[in-house]
Amino acid sequence: MSSVIKRNLEDLTVRDFMIPAEKVAHVQIGNPIEHALLVLVESGYSSVPVLDIDYKYRGTIGKTPILKSVMGIERFEMEILSEKKVEDVMRKDQPTITKDTDFLTCLKVVIDHAFACVVDEGGYFVGIITRRAILKEVNKSMYL
Ligand code: 2BA
């Protein structure tokens with residue numbers, strides 16, 4: 001990477017390419033997984049953030065873990081969809097970042113994660129950064 005490109009990307013922080021919370025599909029932690037599956041299928045995303053009633057970030061939930069959690073020996077046991085809660089199936093080990101996180105840190109995060117949640121000092125959810133947004137910035141910097 002040339003020094004011009006590197007310097008340009010190093011000037012960026014999350015606030016420059018974040019998708020704000022109001023544009024992000026999410027599910028509530030206390031909802032049945034049936035509701036989460038509806039949100040995922042309707043939005044078209046494979047995974048979305050999980051928030052609590054105060055809008056604090058709690059984890060992420062995806063289609064595959066939901067389907068695995070209702071998989072019986074011979075069939076999907078669909079009745080489980082209304083019994084299990086988002087909390088029982090969500091992932092809690094995903095990395096989070098803040099609005100001030102620098103571009104190169106974000107680049108490293110999206111190598112292993114399609115998106116990362118952005119939280120403020122109080123743990124409140126403020127948005128996401130996506131692999132797509134990061135790649136767009138890398139692409140832009142190539143044509144400087
Ligand atoms: P996926 O759902 O696996 O989506 C992978 C990529 O497919 C997205 O990459 C995007 O380029 C495209 N894509 C999928 N569904 C789309 C839709 N409904 N509208 C437009 N494009 C769609 P990224 O944009 O880099 O997103 C990475 C991941 O971030 C997504 O993975 C999803 O889990 C999450 N995500 C992105 N935008 C979101 C949003 N507005 N609300 C909730 N989650 C979002």
# chains A, B, ... in the order shown; residues from 1 in each chain; ligands from 1
call {"tool": "select_by_dssp", "arguments": {"residues": "chain A", "states": "strand (DSSP E)", "output": "ChimeraX atom specification"}}
result
/A:19-20,27-28,47-51,57-62,96-97,115-119,125-130
call {"tool": "write_last_selection", "arguments": {"atoms": "N, CA and C atoms", "output": "compact mmCIF listing (two decimals), in the first residue's frame"}}
result
# COMPACT_ATOMS: atom_id res chain seq x y z
N ILE A 19 -23.10 2.82 9.64
CA ILE A 19 -24.54 2.86 9.35
C ILE A 19 -25.23 3.17 10.68
N PRO A 20 -25.96 4.31 10.79
CA PRO A 20 -26.53 4.68 12.08
C PRO A 20 -27.64 3.74 12.53
N VAL A 27 -33.08 -7.08 16.72
CA VAL A 27 -34.12 -7.78 17.48
C VAL A 27 -33.91 -7.54 18.97
N GLN A 28 -35.00 -7.72 19.73
CA GLN A 28 -34.96 -7.51 21.18
C GLN A 28 -34.60 -8.82 21.88
N SER A 47 -27.57 -12.13 9.70
CA SER A 47 -27.34 -11.92 11.13
C SER A 47 -27.59 -10.45 11.46
N VAL A 48 -28.16 -10.15 12.63
CA VAL A 48 -28.42 -8.75 13.03
C VAL A 48 -28.10 -8.57 14.52
N PRO A 49 -27.95 -7.31 14.96
CA PRO A 49 -27.67 -7.06 16.39
C PRO A 49 -28.86 -7.39 17.29
N VAL A 50 -28.55 -7.75 18.55
CA VAL A 50 -29.56 -7.96 19.59
C VAL A 50 -29.42 -6.83 20.61
N LEU A 51 -30.54 -6.18 20.92
CA LEU A 51 -30.53 -5.07 21.88
C LEU A 51 -31.50 -5.36 23.03
N TYR A 57 -26.53 -2.67 23.56
CA TYR A 57 -26.08 -3.81 22.75
C TYR A 57 -25.89 -5.04 23.64
N ARG A 58 -26.42 -6.20 23.19
CA ARG A 58 -26.27 -7.43 23.97
C ARG A 58 -25.64 -8.58 23.20
N GLY A 59 -25.65 -8.54 21.86
CA GLY A 59 -25.06 -9.63 21.08
C GLY A 59 -25.56 -9.59 19.65
N THR A 60 -25.43 -10.73 18.96
CA THR A 60 -25.95 -10.83 17.59
C THR A 60 -26.68 -12.16 17.44
N ILE A 61 -27.59 -12.20 16.47
CA ILE A 61 -28.30 -13.46 16.22
C ILE A 61 -28.41 -13.69 14.72
N GLY A 62 -28.20 -14.96 14.30
CA GLY A 62 -28.21 -15.29 12.88
C GLY A 62 -29.19 -16.41 12.56
N THR A 96 -16.94 -5.45 19.69
CA THR A 96 -17.63 -4.17 19.46
C THR A 96 -16.57 -3.08 19.30
N ILE A 97 -16.99 -1.98 18.71
CA ILE A 97 -16.09 -0.84 18.52
C ILE A 97 -16.80 0.43 18.94
N PHE A 115 -19.91 -7.85 9.99
CA PHE A 115 -20.18 -6.51 10.51
C PHE A 115 -19.77 -6.45 11.98
N ALA A 116 -19.65 -5.24 12.51
CA ALA A 116 -19.36 -5.08 13.94
C ALA A 116 -20.25 -3.97 14.49
N CYS A 117 -20.71 -4.15 15.72
CA CYS A 117 -21.60 -3.17 16.33
C CYS A 117 -20.79 -2.05 16.98
N VAL A 118 -21.36 -0.83 16.88
CA VAL A 118 -20.73 0.36 17.45
C VAL A 118 -21.52 0.74 18.70
N VAL A 119 -20.82 0.88 19.83
CA VAL A 119 -21.49 1.24 21.09
C VAL A 119 -20.85 2.50 21.67
N PHE A 125 -26.30 1.05 21.90
CA PHE A 125 -26.07 0.75 20.48
C PHE A 125 -26.20 2.01 19.63
N VAL A 126 -25.18 2.32 18.82
CA VAL A 126 -25.29 3.52 17.98
C VAL A 126 -25.23 3.21 16.48
N GLY A 127 -24.85 1.98 16.10
CA GLY A 127 -24.83 1.64 14.68
C GLY A 127 -23.96 0.43 14.40
N ILE A 128 -23.70 0.21 13.10
CA ILE A 128 -22.79 -0.89 12.72
C ILE A 128 -21.80 -0.39 11.67
N ILE A 129 -20.68 -1.10 11.56
CA ILE A 129 -19.83 -0.95 10.37
C ILE A 129 -19.90 -2.29 9.64
N THR A 130 -19.88 -2.24 8.32
CA THR A 130 -20.00 -3.47 7.54
C THR A 130 -18.75 -3.69 6.69
call {"tool": "residues_around", "arguments": {"residues": "segment 14-16 of chain A", "least_positions_apart": "4", "cutoff": "7 Å", "atoms": "only C-alpha atoms", "output": "PyMOL selection string"}}
result
chain A and resi 99-103
call {"tool": "closest_atom_pairs", "arguments": {"of": "chain A", "to": "ligand 1", "cutoff": "6 Å", "atoms": "only C-alpha atoms and all ligand atoms", "output": "Markdown table"}}
result
| residue | atom | partner | partner_atom_place_in_ligand_line | distance |
| --- | --- | --- | --- | --- |
| A:Lys23 | CA | ligand 1 | 40 (N) | 5.4 |
| A:Val24 | CA | ligand 1 | 41 (N) | 3.5 |
| A:Ala25 | CA | ligand 1 | 41 (N) | 3.8 |
| A:Ser43 | CA | ligand 1 | 18 (N) | 5.3 |
| A:Gly44 | CA | ligand 1 | 18 (N) | 4.5 |
| A:Tyr45 | CA | ligand 1 | 2 (O) | 3.2 |
| A:Ser46 | CA | ligand 1 | 2 (O) | 3.9 |
| A:Ser47 | CA | ligand 1 | 33 (O) | 4.0 |
| A:Val48 | CA | ligand 1 | 43 (N) | 4.5 |
| A:Ala114 | CA | ligand 1 | 27 (C) | 4.3 |
| A:Phe115 | CA | ligand 1 | 29 (O) | 4.4 |
| A:Thr130 | CA | ligand 1 | 25 (O) | 4.1 |
| A:Arg131 | CA | ligand 1 | 25 (O) | 3.8 |
| A:Arg132 | CA | ligand 1 | 25 (O) | 3.5 |
call {"tool": "write_last_selection", "arguments": {"atoms": "all heavy atoms", "output": "mmCIF file, in the first residue's frame"}}
result
data_model
loop_
_atom_site.group_PDB
_atom_site.id
_atom_site.type_symbol
_atom_site.label_atom_id
_atom_site.label_comp_id
_atom_site.auth_asym_id
_atom_site.auth_seq_id
_atom_site.Cartn_x
_atom_site.Cartn_y
_atom_site.Cartn_z
ATOM 1 N N LYS A 23 -31.052 2.983 10.930
ATOM 2 C CA LYS A 23 -31.137 2.278 9.643
ATOM 3 C C LYS A 23 -30.784 0.799 9.760
ATOM 4 O O LYS A 23 -30.651 0.101 8.755
ATOM 5 C CB LYS A 23 -30.192 2.947 8.636
ATOM 6 C CG LYS A 23 -30.626 4.335 8.242
ATOM 7 C CD LYS A 23 -29.818 4.834 7.074
ATOM 8 C CE LYS A 23 -30.288 6.214 6.662
ATOM 9 N NZ LYS A 23 -29.261 6.949 5.929
ATOM 10 N N VAL A 24 -30.559 0.341 10.988
ATOM 11 C CA VAL A 24 -30.109 -1.039 11.185
ATOM 12 C C VAL A 24 -31.263 -1.904 11.712
ATOM 13 O O VAL A 24 -31.929 -1.528 12.690
ATOM 14 C CB VAL A 24 -28.920 -1.090 12.182
ATOM 15 C CG1 VAL A 24 -28.471 -2.526 12.414
ATOM 16 C CG2 VAL A 24 -27.758 -0.248 11.661
ATOM 17 N N ALA A 25 -31.506 -3.053 11.066
ATOM 18 C CA ALA A 25 -32.497 -4.006 11.566
ATOM 19 C C ALA A 25 -31.925 -4.640 12.838
ATOM 20 O O ALA A 25 -30.734 -4.925 12.903
ATOM 21 C CB ALA A 25 -32.756 -5.077 10.509
ATOM 22 N N SER A 43 -35.726 -8.933 6.407
ATOM 23 C CA SER A 43 -34.666 -7.962 6.085
ATOM 24 C C SER A 43 -33.699 -8.514 5.042
ATOM 25 O O SER A 43 -33.049 -7.762 4.328
ATOM 26 C CB SER A 43 -33.888 -7.575 7.343
ATOM 27 O OG SER A 43 -33.150 -8.677 7.839
ATOM 28 N N GLY A 44 -33.594 -9.820 4.974
ATOM 29 C CA GLY A 44 -32.660 -10.440 4.026
ATOM 30 C C GLY A 44 -31.268 -10.629 4.593
ATOM 31 O O GLY A 44 -30.395 -11.185 3.939
ATOM 32 N N TYR A 45 -31.026 -10.150 5.832
ATOM 33 C CA TYR A 45 -29.688 -10.289 6.424
ATOM 34 C C TYR A 45 -29.520 -11.656 7.085
ATOM 35 O O TYR A 45 -30.473 -12.246 7.581
ATOM 36 C CB TYR A 45 -29.449 -9.172 7.445
ATOM 37 C CG TYR A 45 -29.435 -7.811 6.789
ATOM 38 C CD1 TYR A 45 -30.389 -6.858 7.101
ATOM 39 C CD2 TYR A 45 -28.490 -7.497 5.820
ATOM 40 C CE1 TYR A 45 -30.389 -5.623 6.470
ATOM 41 C CE2 TYR A 45 -28.481 -6.268 5.187
ATOM 42 C CZ TYR A 45 -29.431 -5.339 5.509
ATOM 43 O OH TYR A 45 -29.431 -4.134 4.875
ATOM 44 N N SER A 46 -28.281 -12.145 7.102
ATOM 45 C CA SER A 46 -28.055 -13.451 7.719
ATOM 46 C C SER A 46 -27.895 -13.336 9.232
ATOM 47 O O SER A 46 -28.086 -14.306 9.967
ATOM 48 C CB SER A 46 -26.849 -14.150 7.101
ATOM 49 O OG SER A 46 -25.789 -13.254 7.000
ATOM 50 N N SER A 47 -27.566 -12.125 9.704
ATOM 51 C CA SER A 47 -27.336 -11.922 11.132
ATOM 52 C C SER A 47 -27.585 -10.447 11.463
ATOM 53 O O SER A 47 -27.280 -9.568 10.630
ATOM 54 C CB SER A 47 -25.886 -12.330 11.403
ATOM 55 O OG SER A 47 -25.494 -12.016 12.685
ATOM 56 N N VAL A 48 -28.156 -10.149 12.632
ATOM 57 C CA VAL A 48 -28.419 -8.753 13.031
ATOM 58 C C VAL A 48 -28.104 -8.567 14.520
ATOM 59 O O VAL A 48 -28.019 -9.552 15.264
ATOM 60 C CB VAL A 48 -29.902 -8.330 12.757
ATOM 61 C CG1 VAL A 48 -30.233 -8.347 11.280
ATOM 62 C CG2 VAL A 48 -30.877 -9.182 13.556
ATOM 63 N N ALA A 114 -18.644 -10.184 9.343
ATOM 64 C CA ALA A 114 -19.283 -9.428 8.254
ATOM 65 C C ALA A 114 -19.653 -8.016 8.694
ATOM 66 O O ALA A 114 -19.727 -7.093 7.878
ATOM 67 C CB ALA A 114 -20.521 -10.172 7.765
ATOM 68 N N PHE A 115 -19.907 -7.851 9.988
ATOM 69 C CA PHE A 115 -20.181 -6.511 10.515
ATOM 70 C C PHE A 115 -19.768 -6.450 11.984
ATOM 71 O O PHE A 115 -19.538 -7.503 12.611
ATOM 72 C CB PHE A 115 -21.671 -6.148 10.360
ATOM 73 C CG PHE A 115 -22.606 -6.885 11.273
ATOM 74 C CD1 PHE A 115 -23.118 -6.270 12.408
ATOM 75 C CD2 PHE A 115 -22.999 -8.190 11.000
ATOM 76 C CE1 PHE A 115 -24.003 -6.940 13.258
ATOM 77 C CE2 PHE A 115 -23.887 -8.861 11.837
ATOM 78 C CZ PHE A 115 -24.383 -8.238 12.968
ATOM 79 N N THR A 130 -19.884 -2.235 8.324
ATOM 80 C CA THR A 130 -20.002 -3.465 7.538
ATOM 81 C C THR A 130 -18.746 -3.685 6.685
ATOM 82 O O THR A 130 -18.010 -2.741 6.378
ATOM 83 C CB THR A 130 -21.221 -3.413 6.595
ATOM 84 O OG1 THR A 130 -21.018 -2.346 5.669
ATOM 85 C CG2 THR A 130 -22.511 -3.207 7.361
ATOM 86 N N ARG A 131 -18.588 -4.924 6.294
ATOM 87 C CA ARG A 131 -17.472 -5.287 5.411
ATOM 88 C C ARG A 131 -17.565 -4.470 4.112
ATOM 89 O O ARG A 131 -16.575 -3.992 3.587
ATOM 90 C CB ARG A 131 -17.577 -6.784 5.128
ATOM 91 C CG ARG A 131 -16.341 -7.411 4.632
ATOM 92 C CD ARG A 131 -16.538 -8.905 4.543
ATOM 93 N NE ARG A 131 -16.143 -9.590 5.759
ATOM 94 C CZ ARG A 131 -16.494 -10.851 6.056
ATOM 95 N NH1 ARG A 131 -17.243 -11.536 5.233
ATOM 96 N NH2 ARG A 131 -16.074 -11.415 7.160
ATOM 97 N N ARG A 132 -18.811 -4.289 3.641
ATOM 98 C CA ARG A 132 -19.026 -3.541 2.391
ATOM 99 C C ARG A 132 -18.519 -2.090 2.502
ATOM 100 O O ARG A 132 -17.839 -1.586 1.610
ATOM 101 C CB ARG A 132 -20.530 -3.550 2.084
ATOM 102 C CG ARG A 132 -20.905 -2.824 0.832
ATOM 103 C CD ARG A 132 -22.371 -3.112 0.460
ATOM 104 N NE ARG A 132 -22.679 -2.558 -0.841
ATOM 105 C CZ ARG A 132 -23.165 -1.351 -1.031
ATOM 106 N NH1 ARG A 132 -23.407 -0.569 0.003
ATOM 107 N NH2 ARG A 132 -23.400 -0.904 -2.253
#
call {"tool": "select_by_dssp", "arguments": {"residues": "segment 23-110 of chain A", "states": "alpha helix (DSSP H)", "output": "PyMOL selection string"}}
result
chain A and resi 33-43+63-69+80-83+86-89+103-110
call {"tool": "write_last_selection", "arguments": {"atoms": "C-alpha atoms", "output": "short mmCIF file (atom, residue, chain, number, x, y, z; two decimals), in the first residue's frame"}}
result
data_model
loop_
_atom_site.label_atom_id
_atom_site.label_comp_id
_atom_site.auth_asym_id
_atom_site.auth_seq_id
_atom_site.Cartn_x
_atom_site.Cartn_y
_atom_site.Cartn_z
CA ILE A 33 -36.64 -16.74 18.28
CA GLU A 34 -39.65 -16.96 15.95
CA HIS A 35 -39.74 -13.15 15.88
CA ALA A 36 -35.99 -12.97 15.25
CA LEU A 37 -36.32 -15.39 12.34
CA LEU A 38 -39.09 -13.22 10.86
CA VAL A 39 -36.88 -10.11 11.09
CA LEU A 40 -33.96 -11.96 9.49
CA VAL A 41 -36.01 -13.38 6.63
CA GLU A 42 -37.83 -10.09 5.98
CA SER A 43 -34.67 -7.96 6.09
CA LYS A 63 -30.44 -17.57 10.81
CA THR A 64 -28.18 -20.62 11.04
CA PRO A 65 -28.00 -20.84 14.87
CA ILE A 66 -31.80 -20.37 15.04
CA LEU A 67 -32.40 -23.22 12.59
CA LYS A 68 -29.85 -25.42 14.37
CA SER A 69 -31.61 -24.80 17.69
CA ILE A 80 -39.58 -24.66 19.62
CA LEU A 81 -39.54 -21.34 17.72
CA SER A 82 -42.12 -19.89 20.10
CA GLU A 83 -40.57 -21.48 23.22
CA VAL A 86 -33.34 -14.73 21.53
CA GLU A 87 -31.15 -14.78 24.64
CA ASP A 88 -30.90 -18.61 24.44
CA VAL A 89 -29.47 -18.61 20.92
CA PHE A 103 -9.94 2.48 10.12
CA LEU A 104 -7.16 -0.10 10.32
CA THR A 105 -8.67 -1.65 13.46
CA CYS A 106 -12.03 -1.90 11.62
CA LEU A 107 -10.31 -3.48 8.63
CA LYS A 108 -8.90 -6.21 10.89
CA VAL A 109 -12.30 -6.79 12.54
CA VAL A 110 -14.12 -7.33 9.22
#
call {"tool": "closest_residue", "arguments": {"among": "A:Gln94, A:Phe17, A:Glu74, A:Asp11", "to": "Glu137 of chain A", "atoms": "only C-alpha atoms"}}
result
A:Phe17
call {"tool": "atom_distance", "arguments": {"atom1": "atom CA of Gly30 of chain A", "atom2": "atom CA of Ile53 of chain A"}}
result
8.5 Å
call {"tool": "closest_residue", "arguments": {"among": "A:Leu9, A:Val138, A:Ile73, A:Ala21", "to": "Tyr124 of chain A", "atoms": "only C-alpha atoms"}}
result
A:Ala21
call {"tool": "closest_residue", "arguments": {"among": "A:Ile134, A:Gly122, A:Glu77, A:Val70", "to": "Met18 of chain A", "atoms": "only C-alpha atoms"}}
result
A:Ile134
